[in-house]
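File shown here: structure-v1.txt, holding compact mmCIF, C-alpha atoms and all ligand atoms.
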```txt
# COMPACT_ATOMS: atom_id res chain seq x y z
CA MET R 1 10.33 10.08 -9.78
CA SER R 2 13.63 11.74 -8.98
CA PRO R 3 14.59 12.47 -5.38
CA PRO R 4 14.14 16.24 -5.70
CA ILE R 5 10.67 15.72 -7.10
CA PHE R 6 9.76 13.72 -4.01
CA PHE R 7 10.80 16.55 -1.80
CA ILE R 8 9.04 19.05 -3.97
CA SER R 9 5.78 17.16 -4.07
CA PHE R 10 5.91 16.64 -0.34
CA PHE R 11 6.85 20.12 0.69
CA LEU R 12 4.73 21.98 -1.81
CA CYS R 13 1.98 21.60 0.73
CA PHE R 14 3.54 24.09 3.08
CA SER R 15 2.92 27.01 0.82
CA THR R 16 2.18 27.35 -2.84
CA GLU R 17 3.47 30.93 -2.81
CA ILE R 18 7.10 30.04 -2.30
CA THR R 19 7.21 27.31 -4.93
CA PRO R 20 9.89 28.88 -7.17
CA TYR R 21 12.16 29.34 -4.20
CA LEU R 22 11.54 25.79 -3.05
CA PHE R 23 12.57 24.29 -6.38
CA SER R 24 16.14 25.53 -6.16
CA PHE R 25 16.33 25.29 -2.40
CA LEU R 26 15.10 21.68 -2.24
CA ASN R 27 17.54 20.54 -4.88
CA LYS R 28 20.33 21.89 -2.70
CA ILE R 29 18.78 20.23 0.33
CA TRP R 30 18.64 16.91 -1.47
CA ASP R 31 22.33 17.12 -2.32
CA SER R 32 23.18 17.74 1.30
CA VAL R 33 20.73 15.23 2.75
CA ARG R 34 22.31 12.45 0.72
CA MET R 35 25.36 12.82 2.88
CA THR R 36 23.53 13.28 6.17
CA ILE R 37 23.52 10.79 9.01
CA LEU R 38 20.03 10.56 10.43
CA ILE R 39 19.30 10.30 14.13
CA GLU R 40 16.17 8.52 15.15
CA GLN R 41 13.43 10.57 16.74
CA PRO R 42 13.88 10.61 20.49
CA GLU R 43 10.31 10.70 21.75
CA PHE R 44 9.97 6.94 22.05
CA GLY R 45 13.21 6.50 23.96
CA ILE R 46 14.86 4.43 21.24
CA GLU R 47 18.63 4.22 21.37
CA VAL R 48 20.29 6.76 19.12
CA GLU R 49 21.55 4.99 16.09
CA GLU R 50 23.24 6.10 12.90
CA LYS R 51 21.70 5.29 9.56
CA LYS R 52 22.88 6.41 6.16
CA VAL R 53 20.31 7.89 3.85
CA PRO R 54 20.30 6.27 0.40
CA ASN R 55 22.66 8.24 -1.83
CA SER R 56 20.98 7.41 -5.10
CA GLU R 57 17.69 6.05 -6.31
CA LYS R 58 19.39 2.79 -7.08
CA ASP R 59 20.08 2.43 -3.40
CA LEU R 60 16.43 2.75 -2.49
CA VAL R 61 16.16 -1.00 -2.64
CA LEU R 62 18.32 -1.11 0.47
CA ASP R 63 16.33 -1.76 3.57
CA GLY R 64 17.66 1.05 5.74
CA GLY R 65 18.97 -1.38 8.34
CA PHE R 66 15.79 -3.43 8.76
CA VAL R 67 16.55 -6.90 10.08
CA GLN R 68 14.49 -9.52 8.31
CA PRO R 69 13.17 -12.19 10.69
CA HIS R 70 13.62 -15.84 9.73
CA ALA R 71 10.11 -17.02 10.48
CA ASN R 72 6.58 -15.78 10.62
CA ALA R 73 4.21 -15.89 13.59
CA PHE R 74 3.65 -19.63 12.95
CA GLY R 75 7.36 -20.50 12.75
CA HIS R 76 7.29 -20.94 8.94
CA ASN R 77 9.01 -19.02 6.14
CA PHE R 78 7.12 -15.91 5.06
CA ARG R 79 4.65 -16.40 2.20
CA ASP R 80 5.19 -20.15 2.25
CA TYR R 81 1.96 -21.40 0.69
CA GLU R 82 3.01 -25.04 0.90
CA ALA R 83 3.90 -25.10 4.60
CA GLU R 84 1.78 -27.24 6.85
CA SER R 85 0.04 -24.83 9.10
CA GLU R 86 -3.39 -24.51 10.52
CA ARG R 87 -4.09 -21.82 7.95
CA GLN R 88 -2.53 -23.34 4.82
CA GLU R 89 -5.62 -25.21 3.63
CA GLY R 90 -7.86 -22.22 4.14
CA VAL R 91 -5.42 -20.02 2.23
CA GLU R 92 -5.47 -22.40 -0.78
CA ILE R 93 -9.26 -22.52 -0.82
CA PHE R 94 -9.25 -18.75 -0.60
CA TYR R 95 -7.06 -18.44 -3.70
CA LYS R 96 -9.12 -20.97 -5.64
CA THR R 97 -12.25 -18.87 -5.10
CA ASN R 98 -10.36 -15.67 -5.80
CA HIS R 99 -8.89 -16.90 -9.08
CA ILE R 100 -12.19 -18.25 -10.39
CA ASN R 101 -14.17 -15.08 -9.69
CA GLN R 102 -11.83 -12.17 -10.42
CA THR R 103 -12.77 -11.45 -14.03
CA TYR R 104 -12.42 -8.28 -16.10
CA GLU R 105 -16.17 -7.69 -15.95
CA PHE R 106 -16.26 -8.18 -12.17
CA VAL R 107 -13.48 -5.65 -11.62
CA LYS R 108 -15.13 -3.14 -13.93
CA LYS R 109 -18.40 -3.47 -12.01
CA MET R 110 -16.76 -3.10 -8.60
CA ARG R 111 -14.74 -0.04 -9.65
CA GLU R 112 -17.91 1.63 -10.89
CA GLU R 113 -19.84 0.83 -7.71
CA TYR R 114 -17.16 1.68 -5.17
CA GLY R 115 -15.83 4.64 -7.09
CA LYS R 116 -18.96 6.52 -6.07
CA LEU R 117 -17.75 6.74 -2.44
CA ASP R 118 -21.24 7.53 -1.28
CA LYS R 119 -21.94 5.71 1.97
CA VAL R 120 -19.54 6.07 4.90
CA GLU R 121 -17.30 8.87 6.13
CA MET R 122 -14.78 8.60 8.93
CA SER R 123 -11.38 9.85 10.00
CA ILE R 124 -8.21 7.94 9.29
CA TRP R 125 -7.72 6.97 12.94
CA GLU R 126 -11.33 5.89 13.34
CA CYS R 127 -10.81 3.66 10.34
CA CYS R 128 -7.60 2.22 11.81
CA GLU R 129 -9.51 1.29 14.96
CA LEU R 130 -12.32 -0.19 12.92
CA LEU R 131 -9.79 -2.61 11.44
CA ASN R 132 -9.55 -4.22 14.88
CA ASN R 133 -12.58 -6.20 13.75
CA VAL R 134 -10.86 -7.62 10.69
CA VAL R 135 -8.63 -10.67 10.19
CA ASP R 136 -7.15 -11.33 6.74
CA GLU R 137 -7.80 -15.03 5.92
CA SER R 138 -5.50 -14.96 2.88
CA ASP R 139 -2.40 -14.15 4.90
CA PRO R 140 -0.38 -17.18 6.01
CA ASP R 141 1.86 -14.98 8.18
CA LEU R 142 -0.53 -13.02 10.31
CA ASP R 143 -3.47 -13.63 12.55
CA GLU R 144 -3.40 -10.43 14.59
CA PRO R 145 -5.93 -7.61 14.26
CA GLN R 146 -5.14 -5.43 11.30
CA ILE R 147 -4.48 -2.27 13.29
CA GLU R 148 -1.44 -4.02 14.71
CA HIS R 149 -0.19 -4.72 11.20
CA LEU R 150 -0.67 -1.11 10.11
CA LEU R 151 1.26 0.17 13.08
CA GLN R 152 3.93 -2.54 12.95
CA THR R 153 4.59 -1.59 9.33
CA ALA R 154 4.49 2.16 9.90
CA GLU R 155 6.67 2.00 13.00
CA ALA R 156 9.28 -0.23 11.35
CA ILE R 157 9.51 2.19 8.41
CA ARG R 158 9.59 5.18 10.72
CA LYS R 159 12.51 3.67 12.58
CA ASP R 160 14.61 3.33 9.41
CA TYR R 161 13.27 6.33 7.45
CA PRO R 162 12.42 8.87 10.15
CA ASN R 163 12.23 11.81 7.76
CA GLU R 164 9.94 10.22 5.19
CA ASP R 165 6.66 10.96 6.92
CA TRP R 166 4.77 10.54 3.64
CA LEU R 167 5.92 6.92 3.85
CA HIS R 168 4.73 6.62 7.47
CA LEU R 169 1.35 7.86 6.33
CA THR R 170 1.30 5.52 3.38
CA ALA R 171 2.01 2.62 5.72
CA LEU R 172 -0.72 3.74 8.09
CA ILE R 173 -3.38 3.85 5.36
CA HIS R 174 -2.21 1.12 2.99
CA ASP R 175 -4.58 -1.56 4.26
CA LEU R 176 -7.53 0.57 5.34
CA GLY R 177 -9.46 -0.69 2.32
CA LYS R 178 -9.95 -3.96 4.22
CA VAL R 179 -12.99 -2.31 5.75
CA LEU R 180 -14.71 -3.70 2.65
CA LEU R 181 -15.13 -6.83 4.76
CA LEU R 182 -17.38 -4.99 7.20
CA PRO R 183 -21.18 -4.67 6.87
CA SER R 184 -21.19 -0.89 6.51
CA PHE R 185 -18.90 -1.22 3.48
CA GLY R 186 -20.82 -3.98 1.76
CA GLU R 187 -19.36 -6.97 3.66
CA LEU R 188 -17.60 -8.31 0.60
CA PRO R 189 -16.27 -11.88 0.75
CA GLN R 190 -12.59 -12.32 1.59
CA TRP R 191 -11.69 -13.27 -2.01
CA ALA R 192 -12.87 -9.81 -3.16
CA VAL R 193 -10.91 -7.90 -0.53
CA VAL R 194 -7.59 -9.48 0.38
CA GLY R 195 -4.83 -11.64 -1.09
CA ASP R 196 -2.32 -11.06 -3.87
CA THR R 197 -3.53 -8.91 -6.75
CA TYR R 198 -2.83 -9.14 -10.48
CA PRO R 199 -4.00 -7.54 -13.72
CA VAL R 200 -7.21 -8.71 -15.35
CA GLY R 201 -7.93 -8.22 -19.04
CA CYS R 202 -4.69 -9.93 -20.08
CA ALA R 203 -3.07 -13.32 -19.47
CA PHE R 204 -2.60 -14.41 -15.86
CA ASP R 205 1.14 -14.76 -15.28
CA GLU R 206 2.36 -18.13 -14.04
CA SER R 207 4.17 -16.53 -11.12
CA ILE R 208 0.83 -15.74 -9.44
CA VAL R 209 0.31 -17.93 -6.39
CA HIS R 210 -1.88 -21.01 -7.05
CA HIS R 211 -2.00 -20.13 -10.75
CA LYS R 212 -3.62 -23.49 -11.65
CA TYR R 213 -7.00 -22.28 -10.41
CA PHE R 214 -7.23 -19.63 -13.12
CA LYS R 215 -8.21 -22.41 -15.52
CA GLU R 216 -11.71 -22.14 -14.08
CA ASN R 217 -11.85 -18.35 -14.60
CA PRO R 218 -14.05 -17.46 -17.64
CA ASP R 219 -11.39 -14.99 -18.86
CA TYR R 220 -8.82 -17.78 -19.08
CA ASN R 221 -10.32 -19.03 -22.35
CA ASN R 222 -11.49 -15.66 -23.67
CA PRO R 223 -9.22 -14.58 -26.57
CA ALA R 224 -9.88 -10.91 -25.75
CA TYR R 225 -8.35 -11.34 -22.30
CA ASN R 226 -5.90 -14.24 -22.43
CA THR R 227 -2.99 -12.84 -24.46
CA LYS R 228 0.16 -11.18 -23.16
CA PHE R 229 -1.24 -7.67 -23.73
CA GLY R 230 -4.96 -8.46 -23.75
CA VAL R 231 -6.91 -5.19 -23.80
CA TYR R 232 -3.77 -3.14 -23.04
CA GLU R 233 -0.84 -1.75 -24.99
CA LYS R 234 2.88 -1.96 -24.41
CA GLY R 235 4.04 0.60 -21.84
CA CYS R 236 0.50 1.89 -21.27
CA GLY R 237 1.21 2.47 -17.58
CA LEU R 238 -0.20 0.47 -14.68
CA ASP R 239 -2.62 3.26 -13.89
CA ASN R 240 -4.50 2.22 -17.04
CA VAL R 241 -4.59 -1.45 -16.06
CA PHE R 242 -7.48 -3.05 -14.18
CA MET R 243 -6.19 -4.91 -11.13
CA SER R 244 -8.09 -7.74 -9.43
CA TRP R 245 -10.52 -6.06 -7.04
CA GLY R 246 -9.62 -5.75 -3.39
CA HIS R 247 -8.59 -3.42 -0.59
CA ASP R 248 -5.61 -2.09 -2.52
CA ASP R 249 -7.53 -0.71 -5.49
CA TYR R 250 -10.36 0.47 -3.24
CA MET R 251 -8.05 2.52 -1.01
CA TYR R 252 -6.35 3.88 -4.13
CA LEU R 253 -9.74 4.96 -5.51
CA VAL R 254 -10.59 6.58 -2.18
CA ALA R 255 -7.37 8.57 -2.21
CA LYS R 256 -7.69 9.54 -5.87
CA GLU R 257 -11.37 10.50 -5.70
CA ASN R 258 -10.66 12.63 -2.63
CA LYS R 259 -7.91 14.30 -4.67
CA SER R 260 -5.20 13.21 -2.30
CA THR R 261 -1.86 14.77 -3.08
CA LEU R 262 0.03 11.89 -1.54
CA PRO R 263 3.19 11.56 -3.64
CA SER R 264 2.90 9.40 -6.70
CA ALA R 265 5.04 6.74 -5.02
CA GLY R 266 2.64 6.65 -2.06
CA LEU R 267 -0.37 6.07 -4.29
CA PHE R 268 1.62 3.45 -6.20
CA ILE R 269 2.36 1.63 -2.94
CA VAL R 270 -1.29 1.72 -1.91
CA ARG R 271 -2.49 0.28 -5.24
CA TYR R 272 0.19 -2.33 -5.91
CA HIS R 273 1.44 -3.48 -2.52
CA SER R 274 -0.22 -6.91 -3.01
CA PHE R 275 0.97 -7.19 -6.63
CA TYR R 276 3.62 -9.80 -5.82
CA ALA R 277 3.84 -11.01 -9.43
CA LEU R 278 5.33 -7.59 -10.20
CA HIS R 279 7.45 -6.68 -7.21
CA ARG R 280 8.59 -10.20 -6.39
CA ALA R 281 8.63 -12.01 -9.75
CA GLY R 282 9.12 -9.08 -12.17
CA ALA R 283 6.08 -10.00 -14.27
CA TYR R 284 3.96 -7.52 -16.27
CA LYS R 285 6.81 -5.07 -16.78
CA HIS R 286 5.71 -4.75 -20.41
CA LEU R 287 2.71 -2.76 -19.17
CA MET R 288 4.75 -0.32 -17.09
CA ASN R 289 5.75 3.20 -18.05
CA GLU R 290 8.71 5.26 -16.80
CA GLU R 291 6.93 6.61 -13.75
CA ASP R 292 5.95 3.07 -12.73
CA GLU R 293 9.61 2.04 -12.94
CA GLU R 294 10.60 4.82 -10.55
CA ASN R 295 7.78 4.14 -8.13
CA LEU R 296 8.53 0.44 -8.10
CA LYS R 297 11.78 1.19 -6.25
CA TRP R 298 9.83 2.67 -3.36
CA LEU R 299 7.32 -0.17 -3.45
CA LYS R 300 10.15 -2.65 -2.97
CA VAL R 301 11.36 -0.70 0.04
CA PHE R 302 7.86 -0.63 1.48
CA ASN R 303 7.18 -4.29 0.82
CA LYS R 304 9.93 -5.48 3.15
CA TYR R 305 8.29 -3.68 6.01
CA ASP R 306 4.77 -4.69 5.00
CA LEU R 307 5.77 -8.35 4.94
CA TYR R 308 8.46 -8.79 7.54
CA SER R 309 7.19 -6.53 10.28
CA LYS R 310 4.44 -9.09 10.92
CA SER R 311 5.25 -10.92 14.10
CA LYS R 312 3.93 -11.95 17.46
CA VAL R 313 5.62 -8.91 18.96
CA ARG R 314 2.58 -6.81 19.78
CA ILE R 315 2.53 -3.09 19.14
CA ASP R 316 1.61 -0.90 22.06
CA VAL R 317 -1.08 1.06 20.25
CA GLU R 318 -1.49 3.61 23.02
CA LYS R 319 2.23 4.28 23.02
CA VAL R 320 2.54 5.00 19.31
CA LYS R 321 -0.87 6.58 18.84
CA PRO R 322 0.29 10.08 19.89
CA TYR R 323 2.76 10.26 16.99
CA TYR R 324 0.11 9.48 14.40
CA LEU R 325 -2.44 11.72 16.07
CA SER R 326 0.16 14.47 16.12
CA LEU R 327 0.51 14.12 12.36
CA ILE R 328 -3.23 14.54 12.06
CA GLU R 329 -3.23 17.47 14.48
CA LYS R 330 -0.33 19.03 12.62
CA ALA R 331 -2.35 18.61 9.49
CA LYS R 332 -5.28 20.48 10.95
CA GLN R 333 -3.05 23.33 12.03
CA LEU R 334 -1.34 23.49 8.70
CA ASP R 335 -4.67 23.33 7.00
CA SER R 336 -6.03 26.32 8.85
CA LEU R 337 -2.82 28.28 8.64
CA THR R 338 -1.61 27.59 5.15
CA LYS R 339 -4.42 25.78 3.36
CA ASP R 340 -2.08 22.90 3.07
CA LEU R 341 -3.41 20.54 0.44
CA PHE R 342 -1.19 17.59 1.11
CA TYR R 343 -2.10 17.05 4.72
CA ARG R 344 -5.67 18.17 4.41
CA LEU R 345 -6.39 15.79 1.59
CA VAL R 346 -4.40 12.89 2.84
CA LEU R 347 -5.30 12.95 6.47
CA SER R 348 -8.91 13.94 6.24
CA VAL R 349 -9.59 11.62 3.34
CA SER R 350 -12.97 10.02 3.87
CA LEU R 351 -13.80 6.43 3.19
CA SER R 352 -17.03 5.76 1.45
CA SER R 353 -18.69 2.76 -0.06
CA LYS R 354 -21.85 1.52 -1.59
CA GLU R 355 -23.97 -1.22 -0.08
CA THR R 356 -23.82 -4.12 -2.49
CA GLY R 357 -25.97 -6.70 -0.80
CA ASN R 358 -23.17 -9.25 -0.99
FE FE R 401 -2.61 -5.03 2.00
FE FE R 402 -0.21 -4.73 4.65
```
Target format structure tokens, applied to this file:
Amino acid sequence: MSPPIFFISFFLCFSTEITPYLFSFLNKIWDSVRMTILIEQPEFGIEVEEKKVPNSEKDLVLDGGFVQPHANAFGHNFRDYEAESERQEGVEIFYKTNHINQTYEFVKKMREEYGKLDKVEMSIWECCELLNNVVDESDPDLDEPQIEHLLQTAEAIRKDYPNEDWLHLTALIHDLGKVLLLPSFGELPQWAVVGDTYPVGCAFDESIVHHKYFKENPDYNNPAYNTKFGVYEKGCGLDNVFMSWGHDDYMYLVAKENKSTLPSAGLFIVRYHSFYALHRAGAYKHLMNEEDEENLKWLKVFNKYDLYSKSKVRIDVEKVKPYYLSLIEKAKQLDSLTKDLFYRLVLSVSLSSKETGN
């Protein structure tokens, strides 16, 4: 997606009646913004600092000034699945179970069941707080409550990209699907909720972590599913590909079924942020279409913050909460005043699930 299209899709929400004017106006804005020096928002008392906005889509892979830490909360390299840590063994067992059970048929069944969105409704912030009860066992870098991770990610992005509030929102909601671990959402096992994701219905790429365990997956020896393209076609677009089931695809379904108008790149981030074989190893590009290629640039930006903002530095939830609540409040006002679709559909998106008895 080109830069002007991002602005258009984001700002269309403010009024559909001035769309023609916005198209020409926003293109001019984009040209000028590329040269603008951004000043961080002052309400949190952060030192004023200059940051250059990316001046082309190629530059989106830049990290906006984010300083990557050298070690995770346990003193190891990030995503080091061989490191000796108290969690390493559990993580390997997790992936063994995950790789054996994530089949094409399983994913199809879960998408059908959870696509109904017929059990639970709650606000975005309520859901963030609910994640306080969740710890992701697949993550070798993090053992803090999930709400801290959401806010660490969103705040780190906000610091470097203060004007991209669609990206702040994306960060805030990207892991909300982990509520699948909770009883009211079916209490799915960890292997069906968290961890790296990958396509099913075609060959499992060797870059996927702990790939050896796929040998025990029934699809591994099924000729319909174990070729390069499997059930898919070249360039079919990732939207047409079944991904291993987990919080990513669930949250994506929630957003889509609620007709969220989050920009395409935001939905892409939600669905593929655990797809490390793609955004780290470059696998499965033969299934991507042009829009995927564009969105992947934003996913790579996001991923740095998703991964490296995890640390033992705790977020003061009460301190940052007003900003996110103000976005929600702003949404309500915009909704009543302008029938704003973007904010209404993104911020009041409800989470629903079906009891599965798992
Ligand atoms: Fe995630
Ligand atoms: Fe995350």
Using all atoms listed in the file, which residue out of R:Met288, R:Ile100, R:Val135, R:Leu150 lies closest to R:Thr170?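 Looking at the shortest contact to R:Thr170, the residue is R:Leu150.
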For R:Asn240, list every protein, DNA or RNA residue within 10 Å, evaluated using all atoms listed in the file, and leave out those in the same chain fewer than 5 positions away; present the list as a PyMOL selection string. chain R and resi 232-233+235+287-288
Using only C-alpha atoms and all ligand atoms, which residues of chain R come within 12 Å of ligand FE 402 (chain R), and what is the closest atom pair for each, with the distance in Å to one decimal? Give it as JSON lines, sorted by chain and residue number.
```
{"residue": "R:Leu131", "atom": "CA", "partner": "R:FE402", "partner_atom": "FE", "distance": 11.9}
{"residue": "R:Val135", "atom": "CA", "partner": "R:FE402", "partner_atom": "FE", "distance": 11.7}
{"residue": "R:Asp136", "atom": "CA", "partner": "R:FE402", "partner_atom": "FE", "distance": 9.8}
{"residue": "R:Ser138", "atom": "CA", "partner": "R:FE402", "partner_atom": "FE", "distance": 11.7}
{"residue": "R:Asp139", "atom": "CA", "partner": "R:FE402", "partner_atom": "FE", "distance": 9.7}
{"residue": "R:Asp141", "atom": "CA", "partner": "R:FE402", "partner_atom": "FE", "distance": 11.0}
{"residue": "R:Leu142", "atom": "CA", "partner": "R:FE402", "partner_atom": "FE", "distance": 10.0}
{"residue": "R:Glu144", "atom": "CA", "partner": "R:FE402", "partner_atom": "FE", "distance": 11.9}
{"residue": "R:Pro145", "atom": "CA", "partner": "R:FE402", "partner_atom": "FE", "distance": 11.5}
{"residue": "R:Gln146", "atom": "CA", "partner": "R:FE402", "partner_atom": "FE", "distance": 8.3}
{"residue": "R:Ile147", "atom": "CA", "partner": "R:FE402", "partner_atom": "FE", "distance": 9.9}
{"residue": "R:Glu148", "atom": "CA", "partner": "R:FE402", "partner_atom": "FE", "distance": 10.2}
{"residue": "R:His149", "atom": "CA", "partner": "R:FE402", "partner_atom": "FE", "distance": 6.6}
{"residue": "R:Leu150", "atom": "CA", "partner": "R:FE402", "partner_atom": "FE", "distance": 6.6}
{"residue": "R:Leu151", "atom": "CA", "partner": "R:FE402", "partner_atom": "FE", "distance": 9.9}
{"residue": "R:Gln152", "atom": "CA", "partner": "R:FE402", "partner_atom": "FE", "distance": 9.5}
{"residue": "R:Thr153", "atom": "CA", "partner": "R:FE402", "partner_atom": "FE", "distance": 7.4}
{"residue": "R:Ala154", "atom": "CA", "partner": "R:FE402", "partner_atom": "FE", "distance": 9.9}
{"residue": "R:Thr170", "atom": "CA", "partner": "R:FE402", "partner_atom": "FE", "distance": 10.4}
{"residue": "R:Ala171", "atom": "CA", "partner": "R:FE402", "partner_atom": "FE", "distance": 7.8}
{"residue": "R:Leu172", "atom": "CA", "partner": "R:FE402", "partner_atom": "FE", "distance": 9.2}
{"residue": "R:Ile173", "atom": "CA", "partner": "R:FE402", "partner_atom": "FE", "distance": 9.2}
{"residue": "R:His174", "atom": "CA", "partner": "R:FE402", "partner_atom": "FE", "distance": 6.4}
{"residue": "R:Asp175", "atom": "CA", "partner": "R:FE402", "partner_atom": "FE", "distance": 5.4}
{"residue": "R:Leu176", "atom": "CA", "partner": "R:FE402", "partner_atom": "FE", "distance": 9.1}
{"residue": "R:Gly177", "atom": "CA", "partner": "R:FE402", "partner_atom": "FE", "distance": 10.4}
{"residue": "R:Lys178", "atom": "CA", "partner": "R:FE402", "partner_atom": "FE", "distance": 9.8}
{"residue": "R:Val194", "atom": "CA", "partner": "R:FE402", "partner_atom": "FE", "distance": 9.8}
{"residue": "R:Gly195", "atom": "CA", "partner": "R:FE402", "partner_atom": "FE", "distance": 10.1}
{"residue": "R:Asp196", "atom": "CA", "partner": "R:FE402", "partner_atom": "FE", "distance": 10.8}
{"residue": "R:His247", "atom": "CA", "partner": "R:FE402", "partner_atom": "FE", "distance": 10.0}
{"residue": "R:Asp248", "atom": "CA", "partner": "R:FE402", "partner_atom": "FE", "distance": 9.4}
{"residue": "R:Ile269", "atom": "CA", "partner": "R:FE402", "partner_atom": "FE", "distance": 10.2}
{"residue": "R:Val270", "atom": "CA", "partner": "R:FE402", "partner_atom": "FE", "distance": 9.3}
{"residue": "R:Arg271", "atom": "CA", "partner": "R:FE402", "partner_atom": "FE", "distance": 11.3}
{"residue": "R:Tyr272", "atom": "CA", "partner": "R:FE402", "partner_atom": "FE", "distance": 10.8}
{"residue": "R:His273", "atom": "CA", "partner": "R:FE402", "partner_atom": "FE", "distance": 7.5}
{"residue": "R:Ser274", "atom": "CA", "partner": "R:FE402", "partner_atom": "FE", "distance": 8.0}
{"residue": "R:Phe275", "atom": "CA", "partner": "R:FE402", "partner_atom": "FE", "distance": 11.6}
{"residue": "R:Leu299", "atom": "CA", "partner": "R:FE402", "partner_atom": "FE", "distance": 12.0}
{"residue": "R:Phe302", "atom": "CA", "partner": "R:FE402", "partner_atom": "FE", "distance": 9.6}
{"residue": "R:Asn303", "atom": "CA", "partner": "R:FE402", "partner_atom": "FE", "distance": 8.3}
{"residue": "R:Lys304", "atom": "CA", "partner": "R:FE402", "partner_atom": "FE", "distance": 10.3}
{"residue": "R:Tyr305", "atom": "CA", "partner": "R:FE402", "partner_atom": "FE", "distance": 8.7}
{"residue": "R:Asp306", "atom": "CA", "partner": "R:FE402", "partner_atom": "FE", "distance": 5.0}
{"residue": "R:Leu307", "atom": "CA", "partner": "R:FE402", "partner_atom": "FE", "distance": 7.0}
{"residue": "R:Tyr308", "atom": "CA", "partner": "R:FE402", "partner_atom": "FE", "distance": 10.0}
{"residue": "R:Ser309", "atom": "CA", "partner": "R:FE402", "partner_atom": "FE", "distance": 9.5}
{"residue": "R:Lys310", "atom": "CA", "partner": "R:FE402", "partner_atom": "FE", "distance": 8.9}
```
What does the distance between atom CA of R:Met122 and atom CA of R:Trp245 come to in Å, to one decimal place?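 Rounded to one decimal, the two atoms are 22.1 Å apart.
Distance annotation: of R:Asp205, R:Glu155, R:Glu92, R:Glu164, the residue with the minimal separation from R:Trp191 is R:Glu92; atom set is all atoms listed in the file.
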For R:Glu206, which of R:Lys228, R:Lys319, R:Lys297, R:His286 is the closest residue, counting all atoms listed in the file? R:Lys228
Compare R:Ala265, R:Leu325, R:Leu253, R:Phe242 by their minimum atom-to-atom distance to R:Ile124, counting all atoms listed in the file, and give me the closest one. R:Leu325
Top pick for closest residue to R:Tyr225, considering R:Val107, R:Cys202, R:Val241, R:Val317 and counting all atoms listed in the file: R:Cys202
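We find atom CA of R:Val134 and atom CA of R:Trp166 to be spaced 25.0 Å apart.
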Given only C-alpha atoms and all ligand atoms as the counted atoms, nearest of R:Glu318, R:Asp160, R:Asp118, R:Glu137 to ligand FE 401 (chain R): R:Glu137
Can you tell me how far atom CA of R:Phe94 sits from atom CA of R:Glu187, in Å to one decimal?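 Answer for the atom CA of R:Phe94 to atom CA of R:Glu187 separation: 16.1 Å.
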Name the residues in contact with R:Asn295 at a cut-off of 10 Å, using all atoms listed in the file, excluding same-chain residues fewer than 2 positions from it; report them as a VMD selection string. chain R and resid 1 to 2 263 to 269 290 to 293 297 to 300
Take the residues from that selection and put them in a file with C-alpha atoms, as a CSV table (one decimal), keeping the file's coordinate frame.
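Generated output (result.csv):
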```csv
chain,number,residue,atom,x,y,z
R,1,MET,CA,10.3,10.1,-9.8
R,2,SER,CA,13.6,11.7,-9.0
R,263,PRO,CA,3.2,11.6,-3.6
R,264,SER,CA,2.9,9.4,-6.7
R,265,ALA,CA,5.0,6.7,-5.0
R,266,GLY,CA,2.6,6.6,-2.1
R,267,LEU,CA,-0.4,6.1,-4.3
R,268,PHE,CA,1.6,3.4,-6.2
R,269,ILE,CA,2.4,1.6,-2.9
R,290,GLU,CA,8.7,5.3,-16.8
R,291,GLU,CA,6.9,6.6,-13.8
R,292,ASP,CA,6.0,3.1,-12.7
R,293,GLU,CA,9.6,2.0,-12.9
R,297,LYS,CA,11.8,1.2,-6.2
R,298,TRP,CA,9.8,2.7,-3.4
R,299,LEU,CA,7.3,-0.2,-3.4
R,300,LYS,CA,10.2,-2.6,-3.0
```
